[in-house]
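Visitor: The structure file coords.cif (mmCIF, C-alpha atoms) is provided below.
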```cif
data_data
#
loop_
_atom_site.group_PDB
_atom_site.id
_atom_site.type_symbol
_atom_site.label_atom_id
_atom_site.label_comp_id
_atom_site.auth_asym_id
_atom_site.auth_seq_id
_atom_site.Cartn_x
_atom_site.Cartn_y
_atom_site.Cartn_z
ATOM 1 C CA MET A 1 -50.632 -22.366 186.940
ATOM 2 C CA GLN A 2 -49.084 -19.769 189.304
ATOM 3 C CA LEU A 3 -45.469 -20.425 190.267
ATOM 4 C CA THR A 4 -44.337 -20.357 193.904
ATOM 5 C CA LEU A 5 -41.226 -18.565 195.201
ATOM 6 C CA ARG A 6 -39.339 -21.890 195.298
ATOM 7 C CA LYS A 7 -40.100 -22.438 191.608
ATOM 8 C CA TYR A 8 -38.947 -18.922 190.685
ATOM 9 C CA LEU A 9 -35.711 -19.622 192.569
ATOM 10 C CA VAL A 10 -35.244 -22.797 190.517
ATOM 11 C CA LEU A 11 -35.666 -20.713 187.317
ATOM 12 C CA LEU A 12 -33.152 -18.186 188.689
ATOM 13 C CA ALA A 13 -30.667 -21.014 189.315
ATOM 14 C CA VAL A 14 -31.124 -22.122 185.666
ATOM 15 C CA VAL A 15 -30.254 -18.575 184.522
ATOM 16 C CA ILE A 16 -27.252 -18.074 186.816
ATOM 17 C CA PHE A 17 -25.572 -21.473 186.419
ATOM 18 C CA GLY A 18 -26.224 -21.529 182.644
ATOM 19 C CA SER A 19 -24.667 -18.157 181.874
ATOM 20 C CA ILE A 20 -21.763 -18.447 184.327
ATOM 21 C CA GLY A 21 -21.015 -21.976 183.079
ATOM 22 C CA ASP A 22 -20.917 -20.814 179.449
ATOM 23 C CA SER A 23 -18.639 -17.912 180.373
ATOM 24 C CA PHE A 24 -16.187 -20.263 182.122
ATOM 25 C CA LEU A 25 -16.208 -22.540 179.066
ATOM 26 C CA SER A 26 -15.583 -19.590 176.771
ATOM 27 C CA ARG A 27 -12.654 -18.388 178.873
ATOM 28 C CA GLY A 28 -11.241 -21.918 178.951
ATOM 29 C CA MET A 29 -11.552 -22.388 175.192
ATOM 30 C CA LYS A 30 -9.820 -19.039 174.601
ATOM 31 C CA GLN A 31 -6.849 -20.421 176.574
ATOM 32 C CA VAL A 32 -6.936 -23.777 174.768
ATOM 33 C CA GLY A 33 -6.997 -22.046 171.380
ATOM 34 C CA ALA A 34 -8.812 -22.799 168.119
ATOM 35 C CA ILE A 35 -9.443 -26.470 167.401
ATOM 36 C CA ASP A 36 -8.373 -27.644 163.942
ATOM 37 C CA VAL A 37 -11.350 -28.937 161.955
ATOM 38 C CA HIS A 38 -9.294 -32.036 160.974
ATOM 39 C CA HIS A 39 -8.491 -32.831 164.620
ATOM 40 C CA LEU A 40 -11.855 -32.385 166.349
ATOM 41 C CA THR A 41 -10.938 -35.010 168.983
ATOM 42 C CA HIS A 42 -8.507 -32.438 170.430
ATOM 43 C CA VAL A 43 -11.602 -30.935 172.082
ATOM 44 C CA PHE A 44 -11.379 -33.709 174.722
ATOM 45 C CA ALA A 45 -7.954 -32.398 175.785
ATOM 46 C CA ALA A 46 -9.680 -29.127 176.736
ATOM 47 C CA ILE A 47 -11.316 -30.922 179.689
ATOM 48 C CA ALA A 48 -8.005 -30.606 181.603
ATOM 49 C CA ASN A 49 -8.310 -26.797 181.596
ATOM 50 C CA PRO A 50 -9.390 -25.468 185.052
ATOM 51 C CA TRP A 51 -11.894 -23.003 183.546
ATOM 52 C CA ILE A 52 -13.471 -25.847 181.567
ATOM 53 C CA ILE A 53 -13.668 -27.956 184.762
ATOM 54 C CA LEU A 54 -15.360 -25.059 186.608
ATOM 55 C CA GLY A 55 -17.687 -24.603 183.625
ATOM 56 C CA ILE A 56 -18.624 -28.292 183.689
ATOM 57 C CA PHE A 57 -19.482 -28.073 187.432
ATOM 58 C CA CYS A 58 -21.659 -25.016 186.777
ATOM 59 C CA LEU A 59 -23.366 -26.788 183.887
ATOM 60 C CA LEU A 60 -24.048 -29.825 186.100
ATOM 61 C CA ALA A 61 -25.784 -27.474 188.570
ATOM 62 C CA PHE A 62 -27.568 -25.946 185.582
ATOM 63 C CA MET A 63 -28.772 -29.412 184.477
ATOM 64 C CA ALA A 64 -30.096 -30.257 187.950
ATOM 65 C CA SER A 65 -32.062 -27.005 188.204
ATOM 66 C CA TYR A 66 -33.160 -27.248 184.559
ATOM 67 C CA MET A 67 -34.563 -30.768 185.083
ATOM 68 C CA THR A 68 -36.341 -29.621 188.232
ATOM 69 C CA ALA A 69 -37.867 -26.693 186.292
ATOM 70 C CA LEU A 70 -39.037 -29.035 183.513
ATOM 71 C CA SER A 71 -40.767 -31.200 186.127
ATOM 72 C CA PHE A 72 -43.231 -28.382 186.944
ATOM 73 C CA ALA A 73 -43.374 -26.266 183.761
ATOM 74 C CA ASP A 74 -43.523 -26.621 179.957
ATOM 75 C CA LEU A 75 -40.329 -26.656 177.908
ATOM 76 C CA THR A 76 -41.723 -23.683 175.942
ATOM 77 C CA TYR A 77 -42.130 -21.817 179.237
ATOM 78 C CA VAL A 78 -38.808 -22.683 180.897
ATOM 79 C CA LEU A 79 -36.618 -21.616 177.966
ATOM 80 C CA PRO A 80 -38.201 -18.171 177.479
ATOM 81 C CA ALA A 81 -38.530 -17.542 181.199
ATOM 82 C CA THR A 82 -34.785 -18.046 181.587
ATOM 83 C CA ALA A 83 -33.908 -15.808 178.614
ATOM 84 C CA ILE A 84 -32.534 -13.131 180.901
ATOM 85 C CA GLY A 85 -29.441 -15.356 180.786
ATOM 86 C CA TYR A 86 -28.656 -13.854 177.340
ATOM 87 C CA VAL A 87 -28.312 -10.447 178.968
ATOM 88 C CA ASN A 88 -26.096 -11.973 181.662
ATOM 89 C CA MET A 89 -23.995 -13.586 178.959
ATOM 90 C CA ALA A 90 -23.629 -10.319 177.025
ATOM 91 C CA LEU A 91 -22.614 -8.442 180.188
ATOM 92 C CA ILE A 92 -20.082 -11.124 181.098
ATOM 93 C CA SER A 93 -18.744 -11.177 177.507
ATOM 94 C CA ARG A 94 -18.364 -7.403 177.518
ATOM 95 C CA PHE A 95 -16.958 -6.762 180.973
ATOM 96 C CA TRP A 96 -15.153 -9.978 181.959
ATOM 97 C CA LEU A 97 -14.050 -11.555 178.671
ATOM 98 C CA HIS A 98 -13.543 -8.088 177.070
ATOM 99 C CA GLU A 99 -15.241 -9.177 173.838
ATOM 100 C CA HIS A 100 -16.648 -6.488 171.569
ATOM 101 C CA VAL A 101 -20.451 -6.452 171.696
ATOM 102 C CA SER A 102 -21.706 -4.071 168.987
ATOM 103 C CA LEU A 103 -24.857 -1.957 169.228
ATOM 104 C CA THR A 104 -26.587 -4.256 166.700
ATOM 105 C CA ARG A 105 -25.813 -7.301 168.825
ATOM 106 C CA TRP A 106 -27.163 -5.488 171.895
ATOM 107 C CA ALA A 107 -30.354 -4.753 169.899
ATOM 108 C CA GLY A 108 -30.587 -8.456 169.006
ATOM 109 C CA ILE A 109 -30.205 -9.453 172.634
ATOM 110 C CA VAL A 110 -32.897 -6.947 173.687
ATOM 111 C CA LEU A 111 -35.291 -8.318 171.003
ATOM 112 C CA ILE A 112 -34.722 -11.853 172.205
ATOM 113 C CA VAL A 113 -35.408 -10.869 175.784
ATOM 114 C CA VAL A 114 -38.588 -8.935 174.828
ATOM 115 C CA GLY A 115 -39.774 -11.861 172.698
ATOM 116 C CA VAL A 116 -39.248 -14.451 175.332
ATOM 117 C CA GLY A 117 -40.572 -12.128 178.032
ATOM 118 C CA LEU A 118 -43.927 -12.281 176.207
ATOM 119 C CA VAL A 119 -44.072 -16.000 176.849
ATOM 120 C CA ALA A 120 -43.225 -15.707 180.517
ATOM 121 C CA GLY A 121 -46.495 -13.811 181.068
ATOM 122 C CA GLY A 122 -48.568 -16.818 179.925
ATOM 123 C CA PRO A 123 -49.432 -20.063 181.696
ATOM 124 C CA SER A 124 -46.427 -22.161 182.713
ATOM 125 C CA LEU A 125 -47.863 -25.616 182.145
ATOM 126 C CA THR A 126 -50.137 -27.223 179.541
ATOM 127 C CA GLU A 127 -52.690 -29.261 181.451
ATOM 128 C CA HIS A 128 -53.041 -32.691 179.864
ATOM 129 C CA PRO A 129 -55.811 -35.062 180.967
ATOM 130 C CA VAL A 130 -54.366 -38.466 181.964
ATOM 131 C CA ALA A 131 -55.428 -40.155 178.705
ATOM 132 C CA ASP A 132 -53.888 -37.275 176.762
ATOM 133 C CA ALA A 133 -50.582 -37.555 178.621
ATOM 134 C CA GLU A 134 -50.398 -41.216 177.618
ATOM 135 C CA SER A 135 -51.009 -40.319 173.974
ATOM 136 C CA VAL A 136 -48.168 -37.752 174.184
ATOM 137 C CA THR A 137 -45.803 -40.501 175.272
ATOM 138 C CA GLU A 138 -47.077 -42.853 172.560
ATOM 139 C CA THR A 139 -46.772 -40.189 169.842
ATOM 140 C CA PHE A 140 -43.238 -39.403 170.906
ATOM 141 C CA GLU A 141 -42.225 -43.057 170.965
ATOM 142 C CA GLU A 142 -43.697 -43.535 167.464
ATOM 143 C CA HIS A 143 -41.468 -40.717 166.194
ATOM 144 C CA VAL A 144 -38.353 -41.952 168.024
ATOM 145 C CA MET B 145 -14.212 -20.455 155.879
ATOM 146 C CA ARG B 146 -14.215 -20.317 159.655
ATOM 147 C CA THR B 147 -17.607 -18.549 159.530
ATOM 148 C CA ALA B 148 -19.046 -21.521 157.589
ATOM 149 C CA TYR B 149 -17.608 -23.954 160.148
ATOM 150 C CA THR B 150 -19.055 -21.841 162.960
ATOM 151 C CA TRP B 151 -22.559 -21.978 161.468
ATOM 152 C CA ILE B 152 -22.330 -25.723 160.769
ATOM 153 C CA CYS B 153 -21.285 -26.083 164.396
ATOM 154 C CA ILE B 154 -24.211 -23.913 165.551
ATOM 155 C CA ALA B 155 -26.647 -26.016 163.447
ATOM 156 C CA PHE B 156 -25.288 -29.257 164.904
ATOM 157 C CA THR B 157 -25.458 -27.809 168.429
ATOM 158 C CA VAL B 158 -29.056 -26.653 167.883
ATOM 159 C CA ILE B 159 -30.309 -30.027 166.587
ATOM 160 C CA ALA B 160 -28.538 -31.978 169.332
ATOM 161 C CA ALA B 161 -29.635 -29.564 172.079
ATOM 162 C CA ALA B 162 -33.272 -29.514 170.916
ATOM 163 C CA SER B 163 -33.396 -33.325 170.767
ATOM 164 C CA GLY B 164 -31.862 -33.446 174.240
ATOM 165 C CA ASP B 165 -34.285 -30.848 175.622
ATOM 166 C CA VAL B 166 -37.366 -32.592 174.232
ATOM 167 C CA LEU B 167 -36.260 -35.999 175.557
ATOM 168 C CA ILE B 168 -35.428 -34.571 179.011
ATOM 169 C CA ALA B 169 -38.735 -32.677 179.108
ATOM 170 C CA LEU B 170 -40.531 -35.923 178.189
ATOM 171 C CA ALA B 171 -38.752 -37.767 181.012
ATOM 172 C CA MET B 172 -39.557 -35.037 183.563
ATOM 173 C CA ARG B 173 -43.191 -34.876 182.443
ATOM 174 C CA ARG B 174 -43.532 -38.617 183.057
ATOM 175 C CA ILE B 175 -42.084 -38.173 186.570
ATOM 176 C CA GLY B 176 -44.061 -35.043 187.537
ATOM 177 C CA ASP B 177 -43.121 -32.248 189.963
ATOM 178 C CA LEU B 178 -39.842 -33.254 191.655
ATOM 179 C CA GLY B 179 -40.658 -31.078 194.696
ATOM 180 C CA ASP B 180 -43.936 -32.914 195.301
ATOM 181 C CA PHE B 181 -42.260 -36.271 194.715
ATOM 182 C CA ARG B 182 -39.501 -35.443 197.238
ATOM 183 C CA ARG B 183 -42.011 -34.353 199.881
ATOM 184 C CA LYS B 184 -43.951 -37.607 199.491
ATOM 185 C CA HIS B 185 -41.090 -40.103 199.130
ATOM 186 C CA GLY B 186 -37.818 -38.424 200.245
ATOM 187 C CA PHE B 187 -34.640 -37.365 198.435
ATOM 188 C CA PHE B 188 -33.084 -40.684 197.347
ATOM 189 C CA PRO B 189 -36.306 -42.091 195.820
ATOM 190 C CA VAL B 190 -36.334 -38.948 193.639
ATOM 191 C CA ILE B 191 -32.847 -39.784 192.339
ATOM 192 C CA ALA B 192 -33.884 -43.419 191.760
ATOM 193 C CA ARG B 193 -37.066 -42.347 189.945
ATOM 194 C CA VAL B 194 -35.172 -39.881 187.720
ATOM 195 C CA LEU B 195 -32.499 -42.461 186.865
ATOM 196 C CA SER B 196 -35.173 -45.025 185.939
ATOM 197 C CA GLU B 197 -36.326 -42.882 182.994
ATOM 198 C CA THR B 198 -34.770 -44.159 179.755
ATOM 199 C CA ALA B 199 -35.716 -40.994 177.818
ATOM 200 C CA LEU B 200 -33.474 -39.084 180.222
ATOM 201 C CA PHE B 201 -30.367 -40.968 179.083
ATOM 202 C CA GLY B 202 -31.201 -40.268 175.441
ATOM 203 C CA GLY B 203 -31.600 -36.625 176.392
ATOM 204 C CA VAL B 204 -28.279 -36.530 178.250
ATOM 205 C CA PHE B 205 -26.531 -38.166 175.262
ATOM 206 C CA PHE B 206 -27.799 -35.471 172.884
ATOM 207 C CA MET B 207 -26.972 -32.746 175.423
ATOM 208 C CA ALA B 208 -23.407 -34.107 175.619
ATOM 209 C CA MET B 209 -23.167 -33.950 171.801
ATOM 210 C CA ALA B 210 -24.415 -30.361 171.944
ATOM 211 C CA PHE B 211 -21.890 -29.582 174.696
ATOM 212 C CA PHE B 212 -18.843 -30.743 172.696
ATOM 213 C CA SER B 213 -20.128 -29.113 169.524
ATOM 214 C CA ASN B 214 -20.576 -25.885 171.518
ATOM 215 C CA LEU B 215 -16.998 -26.170 172.839
ATOM 216 C CA VAL B 216 -15.631 -26.494 169.293
ATOM 217 C CA GLY B 217 -17.767 -23.513 168.231
ATOM 218 C CA LEU B 218 -16.488 -21.420 171.142
ATOM 219 C CA SER B 219 -12.925 -22.025 169.965
ATOM 220 C CA TRP B 220 -13.851 -20.437 166.602
ATOM 221 C CA ALA B 221 -16.314 -17.683 167.549
ATOM 222 C CA ASP B 222 -17.068 -15.196 170.333
ATOM 223 C CA LEU B 223 -19.369 -16.256 173.153
ATOM 224 C CA SER B 224 -21.597 -13.264 172.389
ATOM 225 C CA LEU B 225 -22.331 -14.813 168.952
ATOM 226 C CA MET B 226 -22.090 -18.548 169.678
ATOM 227 C CA GLY B 227 -24.043 -18.447 172.957
ATOM 228 C CA PRO B 228 -27.146 -16.469 171.982
ATOM 229 C CA ALA B 229 -27.289 -17.759 168.358
ATOM 230 C CA SER B 230 -27.250 -21.434 169.280
ATOM 231 C CA ALA B 231 -29.483 -20.918 172.327
ATOM 232 C CA ALA B 232 -32.050 -18.783 170.484
ATOM 233 C CA LEU B 233 -32.242 -21.150 167.496
ATOM 234 C CA THR B 234 -32.582 -24.032 169.945
ATOM 235 C CA PHE B 235 -35.535 -22.141 171.436
ATOM 236 C CA VAL B 236 -37.291 -22.093 168.030
ATOM 237 C CA THR B 237 -36.519 -25.763 167.339
ATOM 238 C CA ASN B 238 -37.695 -26.603 170.856
ATOM 239 C CA ALA B 239 -41.006 -24.814 170.278
ATOM 240 C CA LEU B 240 -41.600 -27.061 167.234
ATOM 241 C CA GLY B 241 -40.501 -30.169 169.136
ATOM 242 C CA ALA B 242 -42.661 -29.241 172.139
ATOM 243 C CA LYS B 243 -45.706 -28.672 169.926
ATOM 244 C CA PHE B 244 -45.447 -31.817 167.808
ATOM 245 C CA PHE B 245 -43.825 -34.309 170.182
ATOM 246 C CA LEU B 246 -44.882 -33.126 173.643
ATOM 247 C CA HIS B 247 -48.252 -31.620 172.576
ATOM 248 C CA GLU B 248 -47.569 -28.440 174.566
ATOM 249 C CA ASN B 249 -49.922 -25.520 174.044
ATOM 250 C CA VAL B 250 -47.683 -23.335 171.834
ATOM 251 C CA ASP B 251 -50.198 -20.510 171.345
ATOM 252 C CA LYS B 252 -50.045 -17.261 169.336
ATOM 253 C CA ARG B 253 -48.179 -15.468 172.112
ATOM 254 C CA ARG B 254 -45.445 -18.115 172.092
ATOM 255 C CA TRP B 255 -45.152 -18.024 168.270
ATOM 256 C CA ILE B 256 -44.880 -14.198 168.281
ATOM 257 C CA ALA B 257 -42.115 -14.592 170.807
ATOM 258 C CA THR B 258 -40.453 -17.050 168.422
ATOM 259 C CA VAL B 259 -40.462 -14.429 165.642
ATOM 260 C CA PHE B 260 -38.884 -11.893 168.023
ATOM 261 C CA VAL B 261 -36.193 -14.400 168.857
ATOM 262 C CA CYS B 262 -35.496 -15.119 165.167
ATOM 263 C CA VAL B 263 -35.118 -11.402 164.368
ATOM 264 C CA GLY B 264 -32.908 -11.078 167.422
ATOM 265 C CA VAL B 265 -30.674 -13.862 166.120
ATOM 266 C CA VAL B 266 -30.380 -12.182 162.695
ATOM 267 C CA LEU B 267 -29.274 -8.968 164.433
ATOM 268 C CA LEU B 268 -26.779 -10.894 166.515
ATOM 269 C CA THR B 269 -25.047 -12.190 163.389
ATOM 270 C CA ARG B 270 -24.478 -8.661 162.011
ATOM 271 C CA THR B 271 -21.329 -7.024 163.260
#
```
Mind turning this structure into structure tokens?
Guide:
Amino acid sequence: MQLTLRKYLVLLAVVIFGSIGDSFLSRGMKQVGAIDVHHLTHVFAAIANPWIILGIFCLLAFMASYMTALSFADLTYVLPATAIGYVNMALISRFWLHEHVSLTRWAGIVLIVVGVGLVAGGPSLTEHPVADAESVTETFEEHV
Amino acid sequence: MRTAYTWICIAFTVIAAASGDVLIALAMRRIGDLGDFRRKHGFFPVIARVLSETALFGGVFFMAMAFFSNLVGLSWADLSLMGPASAALTFVTNALGAKFFLHENVDKRRWIATVFVCVGVVLLTRT
């Protein structure tokens, strides 16, 4: 199935809101400091941090666009197709959060992008006949 | 010790996120293309239809678990490790979930991509 411009824009929104949201969360958690493993509930206090609040808003936008993308494409298409977000994340980590991103990590990020780029060239949606779609639901409910 | 905690956190995040993704994908597959649905019925019926899917709430619950686990992980490790490692491993787990639970066509091309992602994750963990 060929995607329209609107659908590509939805995928772009998944990429942008996902990576920016994660970066805001990371910045917020750096300010909050390390959470003691014996006091994991302290993580809820982090929600008061403005960067965390911004991150949550971005991730809500991410969820809306992600759900829209899943309504017209396979899960195994949407995730790879939005893998360019890893590059975004690395660039943000390096230039905004001033984290050290070694050459090996850059190579890892490139491999991930190449790998998932392979998938993006394939069909976006598995066509299920109606009877088949019902069996998918039944199979899933049996497992859950 | 913190490295061990980080990887336990990544594993927990991956399992929760993959469960959430598969459940949300199941809910959205049942609903169909949201754009088409909106054109036929309008904006608010779309919201009502989405909120009527029980699988969606299961998915959101697991995503919330993944979110808090990710927050804890980010307090211990750099985003450039935590972000790609948990996301890439989630991709592999999702491929398995999509194949066995959603019956998606995970063909050779998608599995090769999975191997690339795994190698990429190994490289990410080396400093």
Visitor: Just checking: using all atoms listed in the file, which residue out of A:Leu118, A:Val15, A:Val110, A:Leu125 ends up closest to A:Ser71?
Guide: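 Among the listed residues, A:Leu125 lies closest to A:Ser71.
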Visitor: For a test of reading the model, state the distance in Å between atom CA of B:Ser163 and atom CA of B:Ala242, rounded to one decimal.
Guide: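 We find that atom CA of B:Ser163 and atom CA of B:Ala242 lie 10.2 Å from each other.
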Visitor: Quick one: which residues end up in the PyMOL selection byres ((chain B) within 8 of (chain A)) for this structure, as JSON, numbers by chain?
Guide: {"B": [165, 166, 168, 169, 170, 172, 173, 175, 176, 177, 178, 179, 212, 215, 216, 218, 219, 220, 222, 223, 224, 227, 228, 232, 235, 238, 239, 242, 245, 246, 247, 248, 249, 250, 253, 254, 256, 257, 258, 259, 260, 261, 262, 263, 264, 265, 266, 267, 268, 269, 270, 271]}
Visitor: Could you write out the selected residues, including C-alpha atoms, as a compact mmCIF listing (two decimals), keeping the file's coordinate frame?
Guide:
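Saved the output as again_31.txt:
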```txt
# COMPACT_ATOMS: atom_id res chain seq x y z
CA ASP B 165 -34.28 -30.85 175.62
CA VAL B 166 -37.37 -32.59 174.23
CA ILE B 168 -35.43 -34.57 179.01
CA ALA B 169 -38.74 -32.68 179.11
CA LEU B 170 -40.53 -35.92 178.19
CA MET B 172 -39.56 -35.04 183.56
CA ARG B 173 -43.19 -34.88 182.44
CA ILE B 175 -42.08 -38.17 186.57
CA GLY B 176 -44.06 -35.04 187.54
CA ASP B 177 -43.12 -32.25 189.96
CA LEU B 178 -39.84 -33.25 191.66
CA GLY B 179 -40.66 -31.08 194.70
CA PHE B 212 -18.84 -30.74 172.70
CA LEU B 215 -17.00 -26.17 172.84
CA VAL B 216 -15.63 -26.49 169.29
CA LEU B 218 -16.49 -21.42 171.14
CA SER B 219 -12.92 -22.02 169.96
CA TRP B 220 -13.85 -20.44 166.60
CA ASP B 222 -17.07 -15.20 170.33
CA LEU B 223 -19.37 -16.26 173.15
CA SER B 224 -21.60 -13.26 172.39
CA GLY B 227 -24.04 -18.45 172.96
CA PRO B 228 -27.15 -16.47 171.98
CA ALA B 232 -32.05 -18.78 170.48
CA PHE B 235 -35.53 -22.14 171.44
CA ASN B 238 -37.70 -26.60 170.86
CA ALA B 239 -41.01 -24.81 170.28
CA ALA B 242 -42.66 -29.24 172.14
CA PHE B 245 -43.82 -34.31 170.18
CA LEU B 246 -44.88 -33.13 173.64
CA HIS B 247 -48.25 -31.62 172.58
CA GLU B 248 -47.57 -28.44 174.57
CA ASN B 249 -49.92 -25.52 174.04
CA VAL B 250 -47.68 -23.34 171.83
CA ARG B 253 -48.18 -15.47 172.11
CA ARG B 254 -45.44 -18.11 172.09
CA ILE B 256 -44.88 -14.20 168.28
CA ALA B 257 -42.12 -14.59 170.81
CA THR B 258 -40.45 -17.05 168.42
CA VAL B 259 -40.46 -14.43 165.64
CA PHE B 260 -38.88 -11.89 168.02
CA VAL B 261 -36.19 -14.40 168.86
CA CYS B 262 -35.50 -15.12 165.17
CA VAL B 263 -35.12 -11.40 164.37
CA GLY B 264 -32.91 -11.08 167.42
CA VAL B 265 -30.67 -13.86 166.12
CA VAL B 266 -30.38 -12.18 162.70
CA LEU B 267 -29.27 -8.97 164.43
CA LEU B 268 -26.78 -10.89 166.52
CA THR B 269 -25.05 -12.19 163.39
CA ARG B 270 -24.48 -8.66 162.01
CA THR B 271 -21.33 -7.02 163.26
```
Visitor: Enter the distance from atom CA of B:Tyr149 to atom CA of A:Gly55, in Å, rounded to one decimal.
Guide: 23.5 Å
Visitor: Pick the closest to B:Val158 from B:Ala171, B:Ala210, B:Leu225, B:Leu240: which is it, counting only C-alpha atoms?
Guide: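 Selected residue with least distance to B:Val158: B:Ala210.
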